[in-house]
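Structure data (CSV, C-alpha atoms and all ligand atoms) from upload_14.csv:
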```
chain,number,residue,atom,x,y,z
A,227,MET,CA,0.0,0.0,0.0
A,228,ALA,CA,1.5,3.3,-1.1
A,229,ARG,CA,0.7,6.9,-0.2
A,230,VAL,CA,-0.5,8.5,-3.4
A,231,PHE,CA,-0.9,12.3,-4.0
A,232,SER,CA,-1.9,14.3,-7.1
A,233,GLY,CA,-3.4,17.6,-8.0
A,234,ILE,CA,-5.2,19.3,-10.9
A,235,GLN,CA,-5.5,23.1,-11.4
A,236,PRO,CA,-8.9,24.8,-11.6
A,237,SER,CA,-7.5,26.8,-14.6
A,238,GLY,CA,-10.4,25.6,-16.8
A,239,GLU,CA,-12.5,22.5,-17.3
A,240,MET,CA,-11.2,19.0,-17.0
A,241,HIS,CA,-10.4,17.8,-20.5
A,242,ILE,CA,-9.9,14.4,-22.1
A,243,GLY,CA,-6.1,14.8,-21.8
A,244,ASN,CA,-6.3,15.3,-18.0
A,245,TRP,CA,-8.7,12.4,-17.8
A,246,LEU,CA,-6.8,9.9,-20.0
A,247,GLY,CA,-3.4,11.0,-18.8
A,248,ALA,CA,-3.9,11.3,-15.1
A,249,ILE,CA,-7.4,11.1,-13.6
A,250,ARG,CA,-8.2,7.6,-14.7
A,251,ASN,CA,-5.1,6.6,-12.7
A,252,TYR,CA,-6.4,8.6,-9.7
A,253,VAL,CA,-9.4,6.4,-9.8
A,254,ALA,CA,-7.6,3.1,-10.3
A,255,LEU,CA,-5.1,3.7,-7.5
A,256,GLN,CA,-7.9,4.1,-5.0
A,257,ASP,CA,-7.9,0.3,-4.7
A,258,GLY,CA,-5.3,-0.7,-2.1
A,259,ASN,CA,-3.6,2.7,-1.7
A,260,ALA,CA,-3.9,5.7,0.6
A,261,CYS,CA,-4.8,8.4,-1.8
A,262,LEU,CA,-5.1,12.2,-1.5
A,263,TYR,CA,-6.3,14.3,-4.5
A,264,CYS,CA,-6.3,18.0,-4.5
A,265,VAL,CA,-7.7,20.9,-6.6
A,266,VAL,CA,-4.6,23.0,-6.6
A,267,ASP,CA,-6.1,26.5,-6.7
A,268,GLN,CA,-2.9,28.2,-5.6
A,269,HIS,CA,-1.1,26.9,-8.7
A,270,ALA,CA,-3.9,28.4,-10.8
A,271,VAL,CA,-3.1,32.0,-9.7
A,272,THR,CA,0.4,32.1,-11.2
A,273,GLY,CA,-0.2,34.9,-13.7
A,274,ALA,CA,-3.3,36.8,-14.7
A,275,TYR,CA,-6.5,35.0,-13.9
A,276,ASP,CA,-10.2,35.7,-13.6
A,277,VAL,CA,-10.7,36.4,-9.8
A,278,GLY,CA,-14.5,36.4,-10.1
A,279,SER,CA,-14.7,32.8,-11.4
A,280,LEU,CA,-11.9,31.1,-9.4
A,281,ALA,CA,-14.1,29.8,-6.6
A,282,ASP,CA,-16.7,28.4,-9.1
A,283,ARG,CA,-13.9,26.8,-11.2
A,284,THR,CA,-12.5,25.2,-8.1
A,285,ARG,CA,-15.8,23.7,-7.1
A,286,GLU,CA,-16.5,22.6,-10.6
A,287,MET,CA,-13.1,20.8,-10.8
A,288,ALA,CA,-13.9,19.0,-7.5
A,289,ILE,CA,-17.2,18.0,-9.1
A,290,SER,CA,-15.4,16.7,-12.2
A,291,LEU,CA,-13.1,14.6,-10.0
A,292,LEU,CA,-16.0,13.1,-8.2
A,293,ALA,CA,-17.9,12.5,-11.4
A,294,ALA,CA,-14.8,10.8,-12.9
A,295,GLY,CA,-14.8,8.3,-10.0
A,296,VAL,CA,-12.8,9.8,-7.2
A,297,ASP,CA,-14.6,8.2,-4.2
A,298,PRO,CA,-14.5,10.2,-0.9
A,299,ALA,CA,-15.0,6.9,0.9
A,300,ARG,CA,-11.6,5.7,-0.3
A,301,ALA,CA,-9.6,8.9,-1.1
A,302,VAL,CA,-9.2,12.3,0.5
A,303,LEU,CA,-10.4,15.1,-1.8
A,304,PHE,CA,-9.7,18.7,-0.9
A,305,VAL,CA,-8.8,22.2,-2.0
A,306,GLN,CA,-5.1,23.3,-1.7
A,307,SER,CA,-5.8,26.7,-0.3
A,308,HIS,CA,-7.8,25.2,2.6
A,309,VAL,CA,-4.6,23.6,3.8
A,310,PRO,CA,-2.1,26.5,4.5
A,311,GLN,CA,0.8,24.1,5.2
A,312,HIS,CA,1.3,23.7,1.5
A,313,ALA,CA,2.5,27.3,1.1
A,314,THR,CA,4.6,27.1,4.3
A,315,LEU,CA,6.5,24.0,3.2
A,316,ALA,CA,6.9,25.5,-0.3
A,317,TRP,CA,8.8,28.4,1.4
A,318,LEU,CA,11.0,26.0,3.4
A,319,LEU,CA,11.8,24.0,0.2
A,320,ALA,CA,12.5,27.2,-1.8
A,321,THR,CA,15.5,27.8,0.5
A,322,ILE,CA,17.2,24.7,-0.9
A,323,ALA,CA,15.8,24.8,-4.5
A,324,PRO,CA,18.5,25.5,-7.1
A,325,LEU,CA,17.5,28.5,-9.2
A,326,GLY,CA,19.2,27.2,-12.3
A,327,GLU,CA,17.1,24.1,-12.4
A,328,LEU,CA,13.9,26.0,-12.0
A,329,GLU,CA,14.9,28.2,-14.9
A,330,ARG,CA,15.5,25.1,-17.1
A,331,MET,CA,12.0,23.6,-16.5
A,332,THR,CA,10.3,23.1,-19.9
A,333,GLN,CA,6.9,24.2,-18.6
A,334,TYR,CA,8.4,27.4,-17.2
A,335,LYS,CA,10.0,28.2,-20.5
A,336,ASP,CA,6.8,27.4,-22.4
A,337,LYS,CA,4.6,29.6,-20.2
A,338,ALA,CA,7.1,32.4,-19.5
A,339,HIS,CA,7.0,33.8,-23.0
A,340,ARG,CA,3.3,34.5,-22.6
A,341,PHE,CA,4.2,37.2,-20.0
A,342,GLU,CA,5.8,40.6,-20.5
A,343,SER,CA,6.9,40.6,-16.9
A,344,VAL,CA,7.3,37.0,-15.7
A,345,PRO,CA,5.8,36.4,-12.2
A,346,THR,CA,8.1,34.7,-9.7
A,347,GLY,CA,5.3,32.3,-8.9
A,348,LEU,CA,5.6,30.8,-12.4
A,349,LEU,CA,9.3,30.1,-11.7
A,350,THR,CA,8.7,28.6,-8.3
A,351,TYR,CA,5.6,26.6,-9.3
A,352,PRO,CA,7.5,23.3,-9.2
A,353,VAL,CA,8.6,24.1,-5.6
A,354,LEU,CA,5.0,24.5,-4.5
A,355,MET,CA,4.2,21.2,-6.4
A,356,ALA,CA,7.1,19.5,-4.5
A,357,ALA,CA,5.6,20.8,-1.3
A,358,ASP,CA,2.1,19.5,-2.2
A,359,ILE,CA,3.5,16.0,-2.6
A,360,LEU,CA,6.2,15.9,0.2
A,361,LEU,CA,3.8,17.3,2.7
A,362,TYR,CA,2.0,14.0,2.7
A,363,ARG,CA,5.2,12.0,2.3
A,364,ALA,CA,3.6,10.5,-0.9
A,365,GLU,CA,5.5,7.8,-2.8
A,366,ALA,CA,3.5,7.7,-6.0
A,367,VAL,CA,2.1,10.6,-8.1
A,368,PRO,CA,-0.3,9.8,-11.0
A,369,VAL,CA,0.5,12.5,-13.7
A,370,GLY,CA,0.8,13.1,-17.4
A,371,GLU,CA,4.2,13.2,-19.1
A,372,ASP,CA,4.5,17.0,-18.8
A,373,GLN,CA,4.9,16.7,-15.0
A,374,VAL,CA,7.7,14.1,-15.0
A,375,GLN,CA,10.3,16.8,-15.0
A,376,HIS,CA,8.7,18.6,-12.0
A,377,LEU,CA,8.6,15.3,-10.2
A,378,GLU,CA,12.4,14.9,-10.7
A,379,LEU,CA,12.8,18.2,-9.0
A,380,ALA,CA,10.6,17.0,-6.1
A,381,ARG,CA,12.8,14.0,-5.7
A,382,GLU,CA,15.9,16.1,-5.7
A,383,LEU,CA,14.4,18.5,-3.1
A,384,ALA,CA,13.5,15.5,-0.9
A,385,ARG,CA,17.1,14.1,-1.2
A,386,ARG,CA,18.6,17.5,-0.4
A,387,TRP,CA,16.3,18.1,2.5
A,388,ASN,CA,17.0,14.6,3.9
A,389,ALA,CA,20.7,15.1,3.5
A,390,THR,CA,20.8,18.6,5.1
A,391,PHE,CA,18.2,18.2,7.9
A,392,ALA,CA,17.6,14.5,8.5
A,393,GLY,CA,21.1,13.2,8.6
A,394,GLY,CA,20.5,11.3,5.4
A,395,GLU,CA,17.4,9.5,6.8
A,396,ALA,CA,14.7,9.2,4.1
A,397,TYR,CA,12.2,11.1,6.1
A,398,LEU,CA,10.7,12.7,2.9
A,399,PRO,CA,10.3,9.8,0.5
A,400,GLU,CA,11.3,10.4,-3.2
A,401,PRO,CA,8.0,10.4,-5.1
A,402,GLN,CA,7.7,8.4,-8.3
A,403,PRO,CA,5.4,9.2,-11.3
A,404,ILE,CA,2.7,6.9,-12.3
A,405,LEU,CA,2.1,7.3,-16.1
A,406,SER,CA,-0.8,6.0,-18.2
A,407,PRO,CA,-0.5,4.8,-21.8
A,408,ALA,CA,-2.1,8.1,-22.7
A,409,ARG,CA,0.6,10.2,-21.1
A,410,ARG,CA,0.5,13.0,-23.7
A,411,ILE,CA,-2.7,13.8,-25.5
A,412,MET,CA,-2.3,16.3,-28.2
A,413,GLY,CA,-4.7,19.3,-28.6
A,414,LEU,CA,-7.3,19.6,-31.3
A,415,ASP,CA,-4.9,22.0,-33.1
A,416,GLY,CA,-2.5,19.1,-33.5
A,417,GLN,CA,0.3,21.6,-32.5
A,418,ALA,CA,0.7,21.4,-28.7
A,419,LYS,CA,-0.3,19.2,-25.9
A,420,MET,CA,-4.0,19.5,-24.9
A,421,SER,CA,-4.0,22.2,-22.2
A,422,LYS,CA,-6.8,24.0,-20.3
A,423,SER,CA,-4.9,27.2,-20.9
A,424,LEU,CA,-4.6,26.8,-24.7
A,425,GLY,CA,-8.2,26.4,-25.7
A,426,ASN,CA,-7.5,23.3,-27.7
A,427,THR,CA,-9.5,20.9,-25.5
A,428,ILE,CA,-12.6,18.7,-25.3
A,429,GLY,CA,-14.0,18.9,-21.8
A,430,VAL,CA,-15.1,15.6,-20.2
A,431,THR,CA,-18.6,17.0,-19.5
A,432,GLU,CA,-19.3,18.3,-23.0
A,433,SER,CA,-22.6,17.4,-24.8
A,434,PRO,CA,-22.4,15.0,-27.8
A,435,GLU,CA,-23.2,18.1,-30.0
A,436,ALA,CA,-20.4,20.1,-28.5
A,437,ILE,CA,-18.0,17.2,-29.0
A,438,TRP,CA,-18.9,17.0,-32.6
A,439,GLN,CA,-18.5,20.8,-33.1
A,440,LYS,CA,-15.0,20.6,-31.7
A,441,LEU,CA,-13.9,17.5,-33.6
A,442,ARG,CA,-15.3,18.6,-37.0
A,443,PRO,CA,-12.6,21.3,-37.6
A,444,ALA,CA,-9.8,19.4,-35.7
A,445,MET,CA,-6.4,18.9,-37.3
A,446,THR,CA,-5.8,15.6,-39.1
A,447,ASP,CA,-3.0,14.3,-41.4
A,448,PRO,CA,-2.2,17.4,-43.5
A,449,ALA,CA,-1.5,15.1,-46.5
A,450,ARG,CA,-5.2,14.4,-46.8
A,451,LYS,CA,-6.2,17.6,-48.6
A,452,LEU,CA,-8.9,15.8,-50.7
A,453,LYS,CA,-11.1,12.9,-49.5
A,454,THR,CA,-9.4,10.7,-52.1
A,455,ASP,CA,-5.9,11.4,-50.7
A,456,PRO,CA,-4.7,8.4,-48.7
A,457,GLY,CA,-3.6,9.1,-45.1
A,458,THR,CA,-1.1,7.9,-42.5
A,459,PRO,CA,-3.1,7.2,-39.4
A,460,GLU,CA,0.0,7.1,-37.2
A,461,ILE,CA,0.6,10.8,-37.6
A,462,CYS,CA,-3.1,11.8,-37.2
A,463,ASN,CA,-4.4,13.0,-33.8
A,464,ILE,CA,-7.9,11.7,-34.6
A,465,TYR,CA,-6.5,8.2,-35.0
A,466,ALA,CA,-4.6,8.6,-31.7
A,467,LEU,CA,-7.9,9.5,-30.0
A,468,HIS,CA,-9.7,6.5,-31.6
A,469,ARG,CA,-7.2,4.3,-29.8
A,470,HIS,CA,-8.5,5.7,-26.5
A,471,PHE,CA,-12.2,5.8,-27.2
A,472,SER,CA,-13.1,3.3,-29.9
A,473,PRO,CA,-13.2,-0.5,-29.7
A,474,GLU,CA,-10.2,-2.4,-31.1
A,475,ALA,CA,-12.1,-3.6,-34.2
A,476,THR,CA,-13.0,0.1,-35.1
A,477,VAL,CA,-9.4,1.2,-34.5
A,478,VAL,CA,-8.2,-1.4,-37.1
A,479,GLU,CA,-11.0,-0.4,-39.5
A,480,VAL,CA,-10.1,3.3,-39.1
A,481,ALA,CA,-6.4,2.7,-39.9
A,482,MET,CA,-7.4,0.6,-43.0
A,483,LYS,CA,-9.9,3.1,-44.4
A,484,CYS,CA,-7.6,6.1,-43.8
A,485,ARG,CA,-4.7,4.4,-45.6
A,486,SER,CA,-7.0,3.4,-48.5
A,487,ALA,CA,-8.9,6.7,-48.5
A,488,ALA,CA,-12.1,4.7,-48.3
A,489,TRP,CA,-13.2,7.1,-45.5
A,490,GLY,CA,-12.7,10.9,-45.6
A,491,CYS,CA,-11.6,12.6,-42.4
A,492,ILE,CA,-15.2,13.7,-41.6
A,493,ASP,CA,-16.4,10.0,-41.8
A,494,CYS,CA,-13.6,9.1,-39.4
A,495,LYS,CA,-14.4,11.9,-37.0
A,496,LYS,CA,-18.1,11.0,-36.9
A,497,VAL,CA,-17.3,7.6,-35.6
A,498,LEU,CA,-14.9,9.0,-33.1
A,499,SER,CA,-17.4,11.6,-32.0
A,500,ALA,CA,-20.1,9.0,-31.3
A,501,ASN,CA,-17.7,6.8,-29.3
A,502,MET,CA,-16.3,9.7,-27.3
A,503,ALA,CA,-19.7,10.9,-26.4
A,504,GLU,CA,-20.7,7.4,-25.3
A,505,GLY,CA,-17.5,7.0,-23.3
A,506,LEU,CA,-17.9,10.3,-21.5
A,507,ALA,CA,-21.7,10.0,-20.9
A,508,PRO,CA,-21.4,8.6,-17.4
A,509,ILE,CA,-19.1,11.5,-16.3
A,510,ARG,CA,-21.5,14.0,-17.8
A,511,GLU,CA,-24.5,12.4,-16.1
A,512,ARG,CA,-22.8,12.3,-12.7
A,513,THR,CA,-21.6,15.9,-13.1
A,514,LEU,CA,-25.2,17.1,-13.7
A,515,ALA,CA,-26.3,15.2,-10.6
A,516,LEU,CA,-23.5,16.7,-8.4
A,517,ARG,CA,-24.1,20.2,-9.6
A,518,ALA,CA,-27.6,19.8,-8.2
A,519,ALA,CA,-26.2,18.6,-4.8
A,520,PRO,CA,-23.9,21.5,-3.7
A,521,GLU,CA,-24.3,20.5,0.0
A,522,THR,CA,-22.8,17.1,-0.7
A,523,VAL,CA,-19.8,18.6,-2.5
A,524,ARG,CA,-19.3,21.2,0.3
A,525,GLN,CA,-19.3,18.4,2.9
A,526,VAL,CA,-16.8,16.2,0.9
A,527,LEU,CA,-14.4,19.1,0.5
A,528,GLY,CA,-14.8,20.2,4.2
A,529,ASP,CA,-14.1,16.6,5.4
A,530,GLY,CA,-11.2,16.2,3.0
A,531,ALA,CA,-9.6,19.5,4.1
A,532,ALA,CA,-9.8,18.5,7.8
A,533,VAL,CA,-8.1,15.1,7.2
A,534,ALA,CA,-5.4,16.8,4.9
A,535,ARG,CA,-4.7,19.5,7.5
A,536,ARG,CA,-4.1,16.9,10.2
A,537,LEU,CA,-1.7,14.9,8.0
A,538,ALA,CA,0.0,18.1,6.8
A,539,SER,CA,0.5,19.6,10.2
A,540,GLU,CA,2.2,16.4,11.4
A,541,THR,CA,4.7,16.5,8.6
A,542,LEU,CA,5.2,20.3,9.0
A,543,ALA,CA,5.9,20.0,12.7
A,544,GLU,CA,8.5,17.3,12.1
A,545,VAL,CA,10.1,19.3,9.2
A,546,SER,CA,10.1,22.5,11.3
A,547,GLY,CA,11.6,20.7,14.3
A,548,ARG,CA,14.4,19.2,12.2
A,549,MET,CA,15.1,22.6,10.7
A,550,GLY,CA,15.6,24.0,14.2
A,551,PHE,CA,12.6,26.3,14.6
A,552,LEU,CA,11.5,27.2,18.1
A,553,PRO,CA,8.2,25.3,18.7
A,554,GLU,CA,5.3,27.5,19.9
A,555,GLY,CA,5.1,27.4,23.7
A,556,ALA,CA,8.5,26.0,24.2
B,601,LIG,P1,-2.9,24.2,-17.7
B,601,LIG,O1,-2.9,24.5,-19.2
B,601,LIG,O2,-3.6,25.3,-16.9
B,601,LIG,O3,-1.5,23.9,-17.2
B,601,LIG,P2,-3.5,21.4,-18.0
B,601,LIG,O4,-4.5,21.0,-19.0
B,601,LIG,O5,-2.0,21.3,-18.3
B,601,LIG,O6,-3.8,22.9,-17.5
B,601,LIG,P3,-3.0,20.6,-15.2
B,601,LIG,O7,-4.0,21.0,-14.1
B,601,LIG,O8,-1.8,21.4,-15.3
B,601,LIG,O9,-3.8,20.6,-16.6
B,601,LIG,O10,-2.6,19.1,-15.1
B,601,LIG,C1,-3.5,18.1,-14.5
B,601,LIG,C2,-3.0,16.7,-14.8
B,601,LIG,O11,-3.3,16.4,-16.2
B,601,LIG,C3,-1.4,16.6,-14.7
B,601,LIG,O12,-1.2,15.3,-14.1
B,601,LIG,C4,-1.0,16.6,-16.1
B,601,LIG,O13,0.3,16.0,-16.3
B,601,LIG,C5,-2.1,16.0,-16.8
B,601,LIG,N1,-2.2,16.4,-18.2
B,601,LIG,C6,-2.4,17.7,-18.6
B,601,LIG,N2,-2.5,17.8,-19.9
B,601,LIG,C7,-2.3,16.5,-20.4
B,601,LIG,C8,-2.3,15.9,-21.7
B,601,LIG,N3,-2.4,16.7,-22.8
B,601,LIG,N4,-2.1,14.6,-21.9
B,601,LIG,C9,-1.9,13.8,-20.8
B,601,LIG,N5,-1.9,14.3,-19.5
B,601,LIG,C10,-2.1,15.6,-19.3
B,602,MG,MG,-0.5,22.0,-17.0
```

Please rewrite the model in this file as structure tokens.
Ligand code: ATP
Ligand code: MG
Amino acid sequence: MARVFSGIQPSGEMHIGNWLGAIRNYVALQDGNACLYCVVDQHAVTGAYDVGSLADRTREMAISLLAAGVDPARAVLFVQSHVPQHATLAWLLATIAPLGELERMTQYKDKAHRFESVPTGLLTYPVLMAADILLYRAEAVPVGEDQVQHLELARELARRWNATFAGGEAYLPEPQPILSPARRIMGLDGQAKMSKSLGNTIGVTESPEAIWQKLRPAMTDPARKLKTDPGTPEICNIYALHRHFSPEATVVEVAMKCRSAAWGCIDCKKVLSANMAEGLAPIRERTLALRAAPETVRQVLGDGAAVARRLASETLAEVSGRMGFLPEGA
């Protein structure tokens, strides 16, 4: 039995990349592990954001997690800002985090160019992420591929902290990523990974009609200018999505009919759209039910935060003690 932690930002709606890459593993890992899952709202304020909708987006992300199968009877679900120990530990870890490594992080470099004046929080994001994980002394972290580099930093910070303050004892375990076969889903533009902040997503709660409206103009193999041009499924994002939403026999058929130009891209997308809508229907239905039960959601998040605060304050007391701080009342 491992201690598992992961987080998702309320920076927009949960999309199929989040779901396939990480959230399905959140759900699977609940069997036989001690899991904590967090809506990381403090990560979602690194840079300009819409203040008026943050609270709603946070609640909505918690609903999506519950709808996707996070079960409060088996996992602790909470909101990061309800547990102030995350930010405190982030500060302590920042004192041993190498600046050069933070500056080399791919996500930092990708996102930094969107700003005229880069906020420090964007640079120190991976330190807060390390704190999120190490605060619960988690050993396993279900994530998509884009977070693997940040997890390497979390391991390094654990090693450094253990070496400096715990006499080399592994008080903070080195967290390992748990990746899914869909570790990097590309966006509908076919240019970048699917990201909440890039507007190239399909949300897990979208209606069948909305799914179709998004798939219809989505990027395919650029060699297929005419319906009669044969395609190469391996380089087409629509084919990649079929592999996650369509039955095996359909995947084989899609590849054959693409290569022989028996189907045009629209034919292929119609089949994907139907299968995707069917696959996501249970999440959509549970989301609608949870939206109508705000008291249940409030209760789940309240209970989750209470458990998380208890675990977090234990670790933080130990960390503070080993770092030599004067305990209150001593
Ligand atoms: P943002 O654009 O605001 O960073 P995001 O879509 O990248 O949003 P996050 O909240 O940063 O979502 O990440 C939540 C989880 O989903 C992480 O484990 C991340 O690795 C995973 N993830 C994000 N995008 C993808 C993707 N395209 N394919 C697979 N996994 C993904
Ligand atoms: Mg992200």

query = Which one of A:Ser279, A:Ala228, A:Val344, A:Ile428 sits closest to A:Asn259 if you count all atoms listed in the file?
reply =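 With all atoms listed in the file as the atom set, the closest residue is A:Ala228.
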
How would you write, as a PDB file with C-alpha atoms, keeping the file's coordinate frame, the set of residues no farther than 10 Å from ligand MG 602 (chain B) when counting all atoms listed in the file?
```pdb
ATOM      1  CA  ILE A 234      -5.200  19.300 -10.900  1.00  0.00           C
ATOM      2  CA  GLN A 235      -5.500  23.100 -11.400  1.00  0.00           C
ATOM      3  CA  SER A 237      -7.500  26.800 -14.600  1.00  0.00           C
ATOM      4  CA  ASN A 244      -6.300  15.300 -18.000  1.00  0.00           C
ATOM      5  CA  HIS A 269      -1.100  26.900  -8.700  1.00  0.00           C
ATOM      6  CA  ALA A 270      -3.900  28.400 -10.800  1.00  0.00           C
ATOM      7  CA  GLN A 333       6.900  24.200 -18.600  1.00  0.00           C
ATOM      8  CA  LYS A 337       4.600  29.600 -20.200  1.00  0.00           C
ATOM      9  CA  GLY A 370       0.800  13.100 -17.400  1.00  0.00           C
ATOM     10  CA  ASP A 372       4.500  17.000 -18.800  1.00  0.00           C
ATOM     11  CA  GLN A 373       4.900  16.700 -15.000  1.00  0.00           C
ATOM     12  CA  LYS A 419      -0.300  19.200 -25.900  1.00  0.00           C
ATOM     13  CA  MET A 420      -4.000  19.500 -24.900  1.00  0.00           C
ATOM     14  CA  SER A 421      -4.000  22.200 -22.200  1.00  0.00           C
ATOM     15  CA  LYS A 422      -6.800  24.000 -20.300  1.00  0.00           C
ATOM     16  CA  SER A 423      -4.900  27.200 -20.900  1.00  0.00           C
ATOM     17  CA  LEU A 424      -4.600  26.800 -24.700  1.00  0.00           C
TER      18      LEU A 424
END
```

key: Contacts of ligand LIG 601 (chain B), 10 Å or closer, all atoms listed in the file, given as number ranges by chain   = A: 232-249, 251-252, 265-267, 269-272, 287, 333, 337, 367-374, 376, 403-413, 418-427

inquiry  = Please report the interatomic distance between atom CA of A:Tyr263 and atom CA of A:Leu303 in Å with one decimal.
reply    = 5.0 Å

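Near stretch 309-312 of chain A, within 7 Å and counting only C-alpha atoms, sit Ala357, Asp358, Leu361, Ala531, Ala534, Arg535, Ala538, Ser539 and Leu542 of chain A, not including residues fewer than 6 positions from it in the same chain.
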
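With distances taken over all atoms listed in the file, A:Gln375 is the one residue among A:Val302, A:Leu292, A:Gln375, A:Leu315 lying closest to A:Met331.
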
Where atoms are lacking, stretch 253-260 of chain A completed to all heavy atoms, as a PDB file, in the frame of the given file:
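Listing of result_25.pdb after writing:
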```pdb
ATOM      1  N   VAL A 253      -8.322   7.239 -10.127  1.00  0.00           N
ATOM      2  CA  VAL A 253      -9.400   6.400  -9.800  1.00  0.00           C
ATOM      3  C   VAL A 253      -8.947   4.945  -9.530  1.00  0.00           C
ATOM      4  O   VAL A 253      -9.273   4.316  -8.512  1.00  0.00           O
ATOM      5  CB  VAL A 253     -10.523   6.424 -10.881  1.00  0.00           C
ATOM      6  CG1 VAL A 253     -11.664   5.459 -10.592  1.00  0.00           C
ATOM      7  CG2 VAL A 253     -11.054   7.858 -11.028  1.00  0.00           C
ATOM      8  N   ALA A 254      -8.111   4.443 -10.451  1.00  0.00           N
ATOM      9  CA  ALA A 254      -7.600   3.100 -10.300  1.00  0.00           C
ATOM     10  C   ALA A 254      -6.791   2.874  -9.054  1.00  0.00           C
ATOM     11  O   ALA A 254      -6.887   1.832  -8.403  1.00  0.00           O
ATOM     12  CB  ALA A 254      -6.790   2.702 -11.559  1.00  0.00           C
ATOM     13  N   LEU A 255      -6.007   3.872  -8.693  1.00  0.00           N
ATOM     14  CA  LEU A 255      -5.100   3.700  -7.500  1.00  0.00           C
ATOM     15  C   LEU A 255      -5.816   3.720  -6.208  1.00  0.00           C
ATOM     16  O   LEU A 255      -5.228   3.379  -5.176  1.00  0.00           O
ATOM     17  CB  LEU A 255      -4.057   4.869  -7.572  1.00  0.00           C
ATOM     18  CG  LEU A 255      -2.954   4.688  -8.630  1.00  0.00           C
ATOM     19  CD1 LEU A 255      -2.239   6.008  -8.901  1.00  0.00           C
ATOM     20  CD2 LEU A 255      -1.960   3.620  -8.196  1.00  0.00           C
ATOM     21  N   GLN A 256      -7.109   4.094  -6.231  1.00  0.00           N
ATOM     22  CA  GLN A 256      -7.900   4.100  -5.000  1.00  0.00           C
ATOM     23  C   GLN A 256      -7.966   2.712  -4.367  1.00  0.00           C
ATOM     24  O   GLN A 256      -8.151   2.567  -3.159  1.00  0.00           O
ATOM     25  CB  GLN A 256      -9.263   4.668  -5.174  1.00  0.00           C
ATOM     26  CG  GLN A 256      -9.263   6.128  -5.553  1.00  0.00           C
ATOM     27  CD  GLN A 256     -10.669   6.655  -5.808  1.00  0.00           C
ATOM     28  OE1 GLN A 256     -11.096   7.605  -5.195  1.00  0.00           O
ATOM     29  NE2 GLN A 256     -11.397   6.042  -6.726  1.00  0.00           N
ATOM     30  N   ASP A 257      -7.847   1.684  -5.227  1.00  0.00           N
ATOM     31  CA  ASP A 257      -7.900   0.300  -4.700  1.00  0.00           C
ATOM     32  C   ASP A 257      -6.562  -0.028  -4.100  1.00  0.00           C
ATOM     33  O   ASP A 257      -5.565  -0.150  -4.802  1.00  0.00           O
ATOM     34  CB  ASP A 257      -8.201  -0.671  -5.872  1.00  0.00           C
ATOM     35  CG  ASP A 257      -9.648  -0.594  -6.300  1.00  0.00           C
ATOM     36  OD1 ASP A 257     -10.492  -0.282  -5.434  1.00  0.00           O
ATOM     37  OD2 ASP A 257      -9.924  -0.817  -7.491  1.00  0.00           O
ATOM     38  N   GLY A 258      -6.543  -0.156  -2.786  1.00  0.00           N
ATOM     39  CA  GLY A 258      -5.300  -0.700  -2.100  1.00  0.00           C
ATOM     40  C   GLY A 258      -4.277   0.368  -1.805  1.00  0.00           C
ATOM     41  O   GLY A 258      -3.179   0.001  -1.389  1.00  0.00           O
ATOM     42  N   ASN A 259      -4.538   1.656  -2.027  1.00  0.00           N
ATOM     43  CA  ASN A 259      -3.600   2.700  -1.700  1.00  0.00           C
ATOM     44  C   ASN A 259      -4.223   3.765  -0.819  1.00  0.00           C
ATOM     45  O   ASN A 259      -5.444   3.894  -0.825  1.00  0.00           O
ATOM     46  CB  ASN A 259      -2.946   3.315  -2.914  1.00  0.00           C
ATOM     47  CG  ASN A 259      -2.159   2.310  -3.730  1.00  0.00           C
ATOM     48  OD1 ASN A 259      -1.124   1.807  -3.291  1.00  0.00           O
ATOM     49  ND2 ASN A 259      -2.657   1.985  -4.919  1.00  0.00           N
ATOM     50  N   ALA A 260      -3.397   4.538  -0.129  1.00  0.00           N
ATOM     51  CA  ALA A 260      -3.900   5.700   0.600  1.00  0.00           C
ATOM     52  C   ALA A 260      -3.764   6.914  -0.256  1.00  0.00           C
ATOM     53  O   ALA A 260      -2.662   7.389  -0.485  1.00  0.00           O
ATOM     54  CB  ALA A 260      -3.116   5.849   1.916  1.00  0.00           C
TER      55      ALA A 260
END
```
